[in-house]
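Below: protein10.cif (mmCIF, C-alpha atoms)
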```
data_protein
loop_
_atom_site.label_atom_id
_atom_site.label_comp_id
_atom_site.auth_asym_id
_atom_site.auth_seq_id
_atom_site.Cartn_x
_atom_site.Cartn_y
_atom_site.Cartn_z
CA MET A 1 -15.45 174.89 99.68
CA LYS A 2 -17.03 173.23 102.64
CA HIS A 3 -17.49 169.58 103.40
CA LEU A 4 -18.81 167.26 106.02
CA LEU A 5 -17.17 163.94 106.85
CA ILE A 6 -18.74 161.25 109.02
CA LEU A 7 -17.10 157.90 109.65
CA ALA A 8 -18.83 154.75 110.82
CA LEU A 9 -17.21 151.41 111.57
CA ALA A 10 -19.15 148.18 111.22
CA PHE A 11 -17.55 144.84 112.04
CA THR A 12 -18.93 141.51 111.03
CA PRO A 13 -18.58 138.73 113.63
CA ALA A 14 -15.66 137.41 111.65
CA LEU A 15 -13.51 140.38 112.68
CA ALA A 16 -13.75 139.29 116.28
CA GLN A 17 -12.00 136.12 115.20
CA ALA A 18 -8.98 137.93 113.80
CA ALA A 19 -6.69 135.66 115.80
CA ALA A 20 -7.93 132.66 113.79
CA PRO A 21 -6.05 131.55 110.68
CA ARG A 22 -6.61 133.90 107.77
CA ALA A 23 -7.97 131.20 105.56
CA LEU A 24 -10.85 130.69 107.98
CA CYS A 25 -11.79 134.37 108.29
CA ALA A 26 -14.54 135.84 106.15
CA PRO A 27 -13.96 139.49 105.18
CA ALA A 28 -15.15 142.09 107.67
CA THR A 29 -16.76 145.31 106.50
CA LEU A 30 -16.17 148.99 107.09
CA GLN A 31 -18.84 151.58 106.34
CA VAL A 32 -17.96 155.22 105.82
CA SER A 33 -20.01 158.28 104.88
CA ALA A 34 -18.65 161.47 103.37
CA GLY A 35 -20.17 164.69 102.11
CA ALA A 36 -18.97 167.45 99.84
CA THR A 37 -20.14 170.89 98.78
CA VAL A 38 -19.22 172.88 95.70
CA ASP A 39 -19.86 176.61 95.35
CA PRO A 40 -20.73 177.49 91.75
CA ALA A 41 -21.61 181.03 90.79
CA PRO A 42 -25.25 181.39 89.69
CA ASP A 43 -25.87 182.05 86.02
CA ARG A 44 -29.65 182.51 86.10
CA VAL A 45 -31.98 184.73 88.13
CA TYR A 46 -35.75 184.90 88.57
CA ILE A 47 -37.89 187.70 89.90
CA GLU A 48 -41.63 188.38 89.96
CA VAL A 49 -42.81 191.92 89.26
CA GLY A 50 -46.38 193.09 88.90
CA VAL A 51 -49.16 195.58 89.37
CA ARG A 52 -51.92 195.76 91.98
CA THR A 53 -54.91 198.00 91.26
CA GLU A 54 -58.11 198.83 93.12
CA ALA A 55 -61.43 200.23 91.89
CA PRO A 56 -65.11 200.26 92.94
CA GLN A 57 -66.10 198.12 89.92
CA PRO A 58 -64.33 194.93 88.75
CA LYS A 59 -64.24 196.03 85.09
CA VAL A 60 -62.57 199.28 86.03
CA ALA A 61 -60.00 197.56 88.25
CA ALA A 62 -59.24 194.99 85.54
CA ALA A 63 -58.97 197.57 82.75
CA ASP A 64 -56.69 199.79 84.82
CA ASN A 65 -54.51 196.82 85.69
CA ALA A 66 -54.32 195.67 82.06
CA ALA A 67 -53.17 199.09 80.88
CA ARG A 68 -50.57 199.43 83.62
CA ILE A 69 -49.22 195.89 83.24
CA ALA A 70 -48.84 196.41 79.48
CA THR A 71 -46.73 199.51 80.10
CA MET A 72 -44.65 197.68 82.69
CA LEU A 73 -44.09 194.67 80.43
CA ALA A 74 -42.85 196.83 77.59
CA ALA A 75 -40.31 198.48 79.89
CA VAL A 76 -39.20 195.16 81.41
CA ARG A 77 -38.74 193.52 78.00
CA LYS A 78 -36.60 196.43 76.85
CA ALA A 79 -34.41 196.29 79.96
CA ALA A 80 -34.19 192.49 80.06
CA GLY A 81 -33.28 191.96 76.43
CA PRO A 82 -34.54 189.45 73.86
CA ALA A 83 -33.11 186.40 75.64
CA ALA A 84 -35.21 186.92 78.76
CA GLU A 85 -38.32 184.84 79.37
CA LEU A 86 -41.49 186.42 80.78
CA THR A 87 -44.41 184.30 82.01
CA THR A 88 -47.50 185.10 84.04
CA ALA A 89 -46.93 183.88 87.59
CA ASP A 90 -50.30 184.85 89.09
CA TYR A 91 -53.46 186.77 88.22
CA SER A 92 -56.38 187.43 90.53
CA LEU A 93 -59.47 189.60 90.83
CA ALA A 94 -61.03 189.65 94.28
CA PRO A 95 -63.63 191.75 96.10
CA GLN A 96 -62.80 193.83 99.13
CA TYR A 97 -65.20 193.59 102.05
CA GLN A 98 -66.19 195.86 104.91
CA TYR A 99 -67.26 193.93 107.98
CA SER A 100 -69.79 195.14 110.54
CA ASN A 101 -70.10 194.44 114.25
CA THR A 102 -73.89 194.51 113.99
CA GLY A 103 -74.18 191.03 112.48
CA LYS A 104 -74.99 192.26 108.99
CA PRO A 105 -73.38 190.45 106.03
CA PRO A 106 -70.11 192.01 104.86
CA ALA A 107 -70.49 194.65 102.16
CA ILE A 108 -68.32 194.77 99.03
CA THR A 109 -66.48 198.08 98.89
CA GLY A 110 -64.37 197.51 95.79
CA TYR A 111 -62.25 195.10 93.81
CA VAL A 112 -58.54 194.34 93.73
CA VAL A 113 -56.70 193.00 90.68
CA THR A 114 -53.15 191.67 90.89
CA ASN A 115 -51.04 190.56 87.94
CA LEU A 116 -47.59 189.09 88.60
CA VAL A 117 -45.07 188.30 85.86
CA ARG A 118 -42.08 186.03 86.41
CA VAL A 119 -38.92 187.23 84.66
CA ARG A 120 -36.10 184.79 83.93
CA LEU A 121 -32.72 186.31 83.13
CA ASP A 122 -29.50 184.61 82.11
CA HIS A 123 -27.62 187.93 82.22
CA LEU A 124 -27.36 188.61 85.94
CA LYS A 125 -25.97 192.12 85.48
CA ARG A 126 -29.32 193.23 84.03
CA ILE A 127 -31.43 192.34 87.06
CA GLY A 128 -31.01 195.75 88.71
CA SER A 129 -31.99 197.50 85.49
CA VAL A 130 -35.05 195.28 85.15
CA ILE A 131 -36.18 196.11 88.68
CA ASP A 132 -35.70 199.83 88.08
CA ALA A 133 -37.48 199.70 84.71
CA ALA A 134 -40.45 197.90 86.27
CA ASN A 135 -40.66 200.45 89.08
CA ALA A 136 -40.47 203.39 86.70
CA ALA A 137 -43.22 201.88 84.53
CA GLY A 138 -45.68 201.49 87.41
CA ALA A 139 -44.90 198.17 89.10
CA ASN A 140 -45.93 198.14 92.74
CA MET A 141 -45.23 194.45 93.48
CA GLN A 142 -41.83 192.73 93.52
CA GLN A 143 -41.11 189.37 95.12
CA ASN A 144 -39.35 185.99 94.95
CA LEU A 145 -35.95 187.13 93.73
CA ARG A 146 -34.05 183.86 93.32
CA PHE A 147 -30.69 182.84 91.85
CA ALA A 148 -30.21 179.49 90.12
CA LEU A 149 -28.08 177.44 87.74
CA ARG A 150 -28.89 176.81 84.11
CA HIS A 151 -27.32 173.34 84.38
CA PRO A 152 -27.53 172.26 88.04
CA GLU A 153 -26.80 168.60 87.27
CA ALA A 154 -23.19 169.40 86.36
CA ALA A 155 -22.61 170.89 89.83
CA ARG A 156 -24.35 167.90 91.48
CA VAL A 157 -22.06 165.50 89.61
CA ARG A 158 -18.98 167.43 90.79
CA ALA A 159 -20.15 167.33 94.40
CA LEU A 160 -21.04 163.64 94.17
CA ALA A 161 -17.66 162.70 92.66
CA LEU A 162 -15.84 164.66 95.36
CA ALA A 163 -17.90 162.98 98.09
CA ALA A 164 -17.14 159.53 96.61
CA ARG A 165 -13.39 160.24 96.54
CA ARG A 166 -13.52 161.40 100.16
CA ALA A 167 -15.44 158.33 101.20
CA ARG A 168 -12.87 156.05 99.52
CA ALA A 169 -9.98 157.95 101.12
CA ALA A 170 -11.66 157.78 104.53
CA ALA A 171 -12.17 154.03 104.16
CA GLY A 172 -8.51 153.58 103.29
CA ALA A 173 -7.32 155.70 106.21
CA LEU A 174 -9.58 153.90 108.66
CA ALA A 175 -8.52 150.48 107.41
CA ALA A 176 -4.84 151.39 107.64
CA ALA A 177 -5.27 152.70 111.18
CA LEU A 178 -6.80 149.34 112.19
CA ASP A 179 -4.12 147.32 110.38
CA LEU A 180 -6.66 146.13 107.82
CA ARG A 181 -6.60 145.95 104.03
CA ILE A 182 -9.49 146.80 101.69
CA VAL A 183 -10.16 143.96 99.27
CA ARG A 184 -13.20 145.33 97.46
CA ILE A 185 -16.02 147.86 97.55
CA LEU A 186 -19.29 146.13 98.43
CA ALA A 187 -21.82 148.94 98.10
CA VAL A 188 -22.06 152.65 97.36
CA ARG A 189 -25.16 154.81 97.67
CA GLN A 190 -25.99 158.47 97.53
CA THR A 191 -27.17 159.75 100.91
CA GLY A 192 -28.47 163.19 100.08
CA GLY A 193 -27.94 166.44 98.31
CA ALA A 194 -29.28 169.97 98.11
CA VAL A 195 -28.94 173.26 96.29
CA ARG A 196 -28.93 176.29 98.59
CA ALA A 197 -28.87 179.93 97.58
CA PRO A 198 -27.95 182.83 99.86
CA SER A 199 -30.43 185.65 100.40
CA PRO A 200 -29.77 188.30 97.73
CA MET A 201 -28.64 191.72 98.87
CA MET A 202 -30.62 194.67 97.56
CA PHE A 203 -29.46 198.25 97.99
CA GLY A 204 -31.26 201.55 97.71
CA PRO A 205 -30.65 204.54 95.43
CA VAL A 206 -27.04 205.56 94.81
CA LEU A 207 -25.48 208.84 93.68
CA ARG A 208 -24.37 208.87 90.04
CA ALA A 209 -22.75 211.80 88.23
CA GLN A 210 -23.89 214.24 90.94
CA ARG A 211 -27.53 213.24 90.35
CA MET A 212 -29.71 210.92 92.42
CA VAL A 213 -30.66 208.16 89.97
CA PRO A 214 -32.77 205.13 90.98
CA ALA A 215 -30.57 202.07 90.91
CA THR A 216 -30.85 198.66 92.50
CA PRO A 217 -27.52 196.84 92.66
CA ILE A 218 -27.92 193.13 93.39
CA GLU A 219 -25.22 190.90 94.86
CA SER A 220 -25.70 187.28 93.79
CA GLY A 221 -22.99 185.59 95.85
CA SER A 222 -22.59 181.86 95.18
CA LEU A 223 -24.79 178.82 95.42
CA GLN A 224 -24.05 175.72 97.49
CA VAL A 225 -24.60 172.34 95.88
CA SER A 226 -24.04 169.40 98.24
CA ALA A 227 -23.98 165.62 97.91
CA GLY A 228 -23.29 162.69 100.21
CA VAL A 229 -22.04 159.15 99.71
CA SER A 230 -22.18 156.07 101.93
CA MET A 231 -19.67 153.34 101.10
CA THR A 232 -19.25 149.81 102.41
CA VAL A 233 -15.94 148.01 101.83
CA ALA A 234 -14.70 144.52 102.64
CA VAL A 235 -11.49 144.33 104.66
CA VAL A 236 -9.15 141.61 105.84
CA PRO A 237 -6.21 141.70 108.28
CA ARG A 238 -2.91 142.72 106.72
#
```
Rewrite the structure from the file as structure tokens, please.
Amino acid sequence: MKHLLILALAFTPALAQAAAPRALCAPATLQVSAGATVDPAPDRVYIEVGVRTEAPQPKVAAADNAARIATMLAAVRKAAGPAAELTTADYSLAPQYQYSNTGKPPAITGYVVTNLVRVRLDHLKRIGSVIDAANAAGANMQQNLRFALRHPEAARVRALALAARRARAAAGALAAALDLRIVRILAVRQTGGAVRAPSPMMFGPVLRAQRMVPATPIESGSLQVSAGVSMTVAVVPR
């Protein structure tokens, strides 16, 4: 677990009059900022797999792509299981051009069709099998492998609560060091937060049972969910 702690001290003019009778002194203020990070393990993963085809005619390119993507989808669904969610992430049909240095307009030489499907898995151990199944079924596009949390708000609340406790402890320590006493909390606000995921590690084929079998182990690591708190407290001399 990592955290960041920043302390700031703000005195009202009344603190400069600490030598005056206590009854005449308005409370001074201390402002502290604290951050905290929790490291939950991801429980959801996304990846986009697809097929890119080329042909001289758009109908041929589209038909070829449709047939190949249907085969790929069947294999991916089988490997991913019934709980997985598959949605179309992108589909495009675009001409390919050949450009000339003679000033003539570019000539169309063919058409390219791409069809990308986003796969959402809540069983992280299946992601390697899904990648391999897609490859074996004709996928030639894979991108945007990303780990996530099914319930990210729970991790944010944990980080925020930890940051608030650290801010309160920091205010108490700072007040004690200055021979002051906290009388009340005046304001608390959230100063930021983020969810960061490490880059996933993908490995090549491995040897299994004396045979070279395509396999793609994936290491998910852990996510980092951070939050920050700024706190203002009123203090008086002890």
Using all atoms listed in the file, which residues sit within 10 Å of A:Ala136 once same-chain residues fewer than 4 positions away are excluded, as JSON, numbers by chain? {"A": [71, 72, 75, 76, 130, 131, 132, 140, 214]}
Taking C-alpha atoms for each residue, export the selection above as a PDB file, keeping the file's coordinate frame.
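Result went into out-v3.pdb, see below:
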```pdb
ATOM      1  CA  THR A  71     -46.730 199.510  80.100  1.00  0.00           C
ATOM      2  CA  MET A  72     -44.650 197.680  82.690  1.00  0.00           C
ATOM      3  CA  ALA A  75     -40.310 198.480  79.890  1.00  0.00           C
ATOM      4  CA  VAL A  76     -39.200 195.160  81.410  1.00  0.00           C
ATOM      5  CA  VAL A 130     -35.050 195.280  85.150  1.00  0.00           C
ATOM      6  CA  ILE A 131     -36.180 196.110  88.680  1.00  0.00           C
ATOM      7  CA  ASP A 132     -35.700 199.830  88.080  1.00  0.00           C
ATOM      8  CA  ASN A 140     -45.930 198.140  92.740  1.00  0.00           C
ATOM      9  CA  PRO A 214     -32.770 205.130  90.980  1.00  0.00           C
TER      10      PRO A 214
END
```
Calculate how many Å separate atom CA of A:Arg120 from atom CA of A:Pro82, rounding to one decimal. 11.2 Å
Please evaluate the PyMOL selection byres ((chain A and resi 83) around 9) against the structure above and give the resulting residues as a ChimeraX atom specification. /A:80-82,84-85,120-123
Which one is closest to A:Ala34: A:Tyr99, A:Arg166, A:Val119, A:Val233? Count all atoms listed in the file. A:Arg166
Pull the closest atom pair for each residue of stretch 79-198 of chain A that gets at most 7 Å from stretch 35-55 of chain A, along with the distance in Å to one decimal, counting all atoms listed in the file, ordering rows by chain and then ascending residue number, as CSV.
```
residue,atom,partner,partner_atom,distance
A:Gly110,CA,A:Ala55,CA,5.6
A:Tyr111,CA,A:Ala55,CA,5.5
A:Val112,CA,A:Glu54,CA,4.6
A:Val113,CA,A:Thr53,CA,5.3
A:Thr114,CA,A:Arg52,CA,4.4
A:Asn115,CA,A:Gly50,CA,5.4
A:Leu116,CA,A:Gly50,CA,4.2
A:Val117,CA,A:Glu48,CA,5.4
A:Arg118,CA,A:Glu48,CA,4.3
A:Val119,CA,A:Ile47,CA,5.4
A:Arg120,CA,A:Tyr46,CA,4.7
A:Leu121,CA,A:Val45,CA,5.3
A:Asp122,CA,A:Arg44,CA,4.5
A:His123,CA,A:Arg44,CA,7.0
A:Leu124,CA,A:Val45,CA,6.4
A:Ala139,CA,A:Val51,CA,5.0
A:Asn140,CA,A:Val51,CA,5.3
A:Met141,CA,A:Gly50,CA,4.9
A:Gln142,CA,A:Val49,CA,4.4
A:Gln143,CA,A:Glu48,CA,5.3
A:Asn144,CA,A:Ile47,CA,5.5
A:Leu145,CA,A:Ile47,CA,4.3
A:Arg146,CA,A:Tyr46,CA,5.2
A:Phe147,CA,A:Val45,CA,4.4
A:Ala148,CA,A:Arg44,CA,5.1
A:Leu149,CA,A:Pro42,CA,5.2
A:Arg150,CA,A:Arg44,CA,6.1
A:Ala159,CA,A:Ala36,CA,5.6
A:Leu162,CA,A:Ala36,CA,6.1
A:Ala163,CA,A:Ala36,CA,4.9
```
Residues within 12 Å of A:Gly228, please, as a ChimeraX atom specification. Count only C-alpha atoms; anything in the same chain fewer than 6 positions from it doesn't count. /A:3-6,32-38,156-167,188-194
Can you tell me how far atom CA of A:Ala171 sits from atom CA of A:Ala227, in Å to one decimal?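 Atom CA of A:Ala227 lies 17.7 Å from atom CA of A:Ala171.
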Report as a PyMOL selection string all protein, DNA and RNA residues lying within 9 Å of A:Ala107, evaluated on only C-alpha atoms, omitting residues in the same chain fewer than 5 positions from it. chain A and resi 96-100
To one decimal in Å, tell me the separation between atom CA of A:Val60 and atom CA of A:Ser92. 14.1 Å
With all atoms listed in the file as the basis for distance, which of A:Lys59, A:Arg238, A:Gly103, A:Val229 is at the shortest distance from A:Ala177? A:Arg238
Name the residues that the PyMOL selection byres ((chain A and resi 178) around 12) pulls out of this structure, and write them as a ChimeraX atom specification. /A:9,11,15,18,28,30,171-177,179-182,235-238
From the options A:Ala63, A:Met231, A:Ile185, A:Ala133, which residue's atoms come nearest to A:Ala170, counting all atoms listed in the file?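 When distances to A:Ala170 are compared using all atoms listed in the file, the smallest one comes from A:Met231.
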How about completing stretch 93-128 of chain A with N, CA and C atoms and giving it to me as a PDB file, in the frame of the given file?
```
ATOM      1  N   LEU A  93     -58.517 188.501  90.646  1.00  0.00           N
ATOM      2  CA  LEU A  93     -59.470 189.600  90.830  1.00  0.00           C
ATOM      3  C   LEU A  93     -60.339 189.205  92.013  1.00  0.00           C
ATOM      4  N   ALA A  94     -60.322 190.014  93.051  1.00  0.00           N
ATOM      5  CA  ALA A  94     -61.030 189.650  94.280  1.00  0.00           C
ATOM      6  C   ALA A  94     -61.736 190.859  94.863  1.00  0.00           C
ATOM      7  N   PRO A  95     -62.911 190.641  95.448  1.00  0.00           N
ATOM      8  CA  PRO A  95     -63.630 191.750  96.100  1.00  0.00           C
ATOM      9  C   PRO A  95     -62.995 192.122  97.425  1.00  0.00           C
ATOM     10  N   GLN A  96     -63.179 193.366  97.802  1.00  0.00           N
ATOM     11  CA  GLN A  96     -62.800 193.830  99.130  1.00  0.00           C
ATOM     12  C   GLN A  96     -64.074 193.993  99.955  1.00  0.00           C
ATOM     13  N   TYR A  97     -64.011 193.576 101.205  1.00  0.00           N
ATOM     14  CA  TYR A  97     -65.200 193.590 102.050  1.00  0.00           C
ATOM     15  C   TYR A  97     -65.016 194.539 103.229  1.00  0.00           C
ATOM     16  N   GLN A  98     -66.141 195.095 103.658  1.00  0.00           N
ATOM     17  CA  GLN A  98     -66.190 195.860 104.910  1.00  0.00           C
ATOM     18  C   GLN A  98     -67.086 195.081 105.869  1.00  0.00           C
ATOM     19  N   TYR A  99     -66.535 194.747 107.013  1.00  0.00           N
ATOM     20  CA  TYR A  99     -67.260 193.930 107.980  1.00  0.00           C
ATOM     21  C   TYR A  99     -67.886 194.811 109.052  1.00  0.00           C
ATOM     22  N   SER A 100     -69.039 194.381 109.549  1.00  0.00           N
ATOM     23  CA  SER A 100     -69.790 195.140 110.540  1.00  0.00           C
ATOM     24  C   SER A 100     -69.897 194.339 111.833  1.00  0.00           C
ATOM     25  N   ASN A 101     -69.929 195.073 112.943  1.00  0.00           N
ATOM     26  CA  ASN A 101     -70.100 194.440 114.250  1.00  0.00           C
ATOM     27  C   ASN A 101     -71.572 194.237 114.609  1.00  0.00           C
ATOM     28  N   THR A 102     -72.446 194.610 113.698  1.00  0.00           N
ATOM     29  CA  THR A 102     -73.890 194.510 113.990  1.00  0.00           C
ATOM     30  C   THR A 102     -74.479 193.176 113.549  1.00  0.00           C
ATOM     31  N   GLY A 103     -73.668 192.307 112.950  1.00  0.00           N
ATOM     32  CA  GLY A 103     -74.180 191.030 112.480  1.00  0.00           C
ATOM     33  C   GLY A 103     -74.647 191.040 111.041  1.00  0.00           C
ATOM     34  N   LYS A 104     -74.592 192.182 110.392  1.00  0.00           N
ATOM     35  CA  LYS A 104     -74.990 192.260 108.990  1.00  0.00           C
ATOM     36  C   LYS A 104     -73.941 191.565 108.110  1.00  0.00           C
ATOM     37  N   PRO A 105     -74.352 191.049 106.961  1.00  0.00           N
ATOM     38  CA  PRO A 105     -73.380 190.450 106.030  1.00  0.00           C
ATOM     39  C   PRO A 105     -72.352 191.485 105.589  1.00  0.00           C
ATOM     40  N   PRO A 106     -71.130 191.059 105.323  1.00  0.00           N
ATOM     41  CA  PRO A 106     -70.110 192.010 104.860  1.00  0.00           C
ATOM     42  C   PRO A 106     -70.502 192.637 103.524  1.00  0.00           C
ATOM     43  N   ALA A 107     -70.161 193.901 103.370  1.00  0.00           N
ATOM     44  CA  ALA A 107     -70.490 194.650 102.160  1.00  0.00           C
ATOM     45  C   ALA A 107     -69.251 194.780 101.272  1.00  0.00           C
ATOM     46  N   ILE A 108     -69.434 194.608  99.975  1.00  0.00           N
ATOM     47  CA  ILE A 108     -68.320 194.770  99.030  1.00  0.00           C
ATOM     48  C   ILE A 108     -68.075 196.267  98.814  1.00  0.00           C
ATOM     49  N   THR A 109     -66.839 196.665  99.032  1.00  0.00           N
ATOM     50  CA  THR A 109     -66.480 198.080  98.890  1.00  0.00           C
ATOM     51  C   THR A 109     -65.653 198.353  97.631  1.00  0.00           C
ATOM     52  N   GLY A 110     -65.188 197.318  96.980  1.00  0.00           N
ATOM     53  CA  GLY A 110     -64.370 197.510  95.790  1.00  0.00           C
ATOM     54  C   GLY A 110     -63.755 196.193  95.357  1.00  0.00           C
ATOM     55  N   TYR A 111     -62.881 196.291  94.361  1.00  0.00           N
ATOM     56  CA  TYR A 111     -62.250 195.100  93.810  1.00  0.00           C
ATOM     57  C   TYR A 111     -60.756 195.348  93.637  1.00  0.00           C
ATOM     58  N   VAL A 112     -59.998 194.282  93.852  1.00  0.00           N
ATOM     59  CA  VAL A 112     -58.540 194.340  93.730  1.00  0.00           C
ATOM     60  C   VAL A 112     -58.101 193.365  92.637  1.00  0.00           C
ATOM     61  N   VAL A 113     -57.273 193.841  91.732  1.00  0.00           N
ATOM     62  CA  VAL A 113     -56.700 193.000  90.680  1.00  0.00           C
ATOM     63  C   VAL A 113     -55.188 192.989  90.842  1.00  0.00           C
ATOM     64  N   THR A 114     -54.612 191.798  90.855  1.00  0.00           N
ATOM     65  CA  THR A 114     -53.150 191.670  90.890  1.00  0.00           C
ATOM     66  C   THR A 114     -52.709 190.838  89.682  1.00  0.00           C
ATOM     67  N   ASN A 115     -51.619 191.261  89.082  1.00  0.00           N
ATOM     68  CA  ASN A 115     -51.040 190.560  87.940  1.00  0.00           C
ATOM     69  C   ASN A 115     -49.531 190.509  88.155  1.00  0.00           C
ATOM     70  N   LEU A 116     -49.016 189.287  88.368  1.00  0.00           N
ATOM     71  CA  LEU A 116     -47.590 189.090  88.600  1.00  0.00           C
ATOM     72  C   LEU A 116     -46.961 188.388  87.407  1.00  0.00           C
ATOM     73  N   VAL A 117     -45.811 188.871  86.989  1.00  0.00           N
ATOM     74  CA  VAL A 117     -45.070 188.300  85.860  1.00  0.00           C
ATOM     75  C   VAL A 117     -43.713 187.824  86.364  1.00  0.00           C
ATOM     76  N   ARG A 118     -43.389 186.576  86.040  1.00  0.00           N
ATOM     77  CA  ARG A 118     -42.080 186.030  86.410  1.00  0.00           C
ATOM     78  C   ARG A 118     -41.093 186.303  85.281  1.00  0.00           C
ATOM     79  N   VAL A 119     -39.966 186.912  85.626  1.00  0.00           N
ATOM     80  CA  VAL A 119     -38.920 187.230  84.660  1.00  0.00           C
ATOM     81  C   VAL A 119     -37.734 186.301  84.902  1.00  0.00           C
ATOM     82  N   ARG A 120     -37.299 185.635  83.847  1.00  0.00           N
ATOM     83  CA  ARG A 120     -36.100 184.790  83.930  1.00  0.00           C
ATOM     84  C   ARG A 120     -34.998 185.420  83.117  1.00  0.00           C
ATOM     85  N   LEU A 121     -33.861 185.669  83.777  1.00  0.00           N
ATOM     86  CA  LEU A 121     -32.720 186.310  83.130  1.00  0.00           C
ATOM     87  C   LEU A 121     -31.503 185.413  83.213  1.00  0.00           C
ATOM     88  N   ASP A 122     -30.779 185.303  82.103  1.00  0.00           N
ATOM     89  CA  ASP A 122     -29.500 184.610  82.110  1.00  0.00           C
ATOM     90  C   ASP A 122     -28.340 185.597  82.083  1.00  0.00           C
ATOM     91  N   HIS A 123     -28.636 186.871  82.106  1.00  0.00           N
ATOM     92  CA  HIS A 123     -27.620 187.930  82.220  1.00  0.00           C
ATOM     93  C   HIS A 123     -27.842 188.617  83.562  1.00  0.00           C
ATOM     94  N   LEU A 124     -27.111 188.152  84.576  1.00  0.00           N
ATOM     95  CA  LEU A 124     -27.360 188.610  85.940  1.00  0.00           C
ATOM     96  C   LEU A 124     -27.137 190.111  86.121  1.00  0.00           C
ATOM     97  N   LYS A 125     -26.263 190.699  85.317  1.00  0.00           N
ATOM     98  CA  LYS A 125     -25.970 192.120  85.480  1.00  0.00           C
ATOM     99  C   LYS A 125     -27.170 192.999  85.117  1.00  0.00           C
ATOM    100  N   ARG A 126     -28.163 192.428  84.438  1.00  0.00           N
ATOM    101  CA  ARG A 126     -29.320 193.230  84.030  1.00  0.00           C
ATOM    102  C   ARG A 126     -30.429 193.248  85.081  1.00  0.00           C
ATOM    103  N   ILE A 127     -30.313 192.466  86.134  1.00  0.00           N
ATOM    104  CA  ILE A 127     -31.430 192.340  87.060  1.00  0.00           C
ATOM    105  C   ILE A 127     -31.764 193.657  87.734  1.00  0.00           C
ATOM    106  N   GLY A 128     -30.744 194.446  88.103  1.00  0.00           N
ATOM    107  CA  GLY A 128     -31.010 195.750  88.710  1.00  0.00           C
ATOM    108  C   GLY A 128     -31.735 196.675  87.759  1.00  0.00           C
TER     109      GLY A 128
END
```
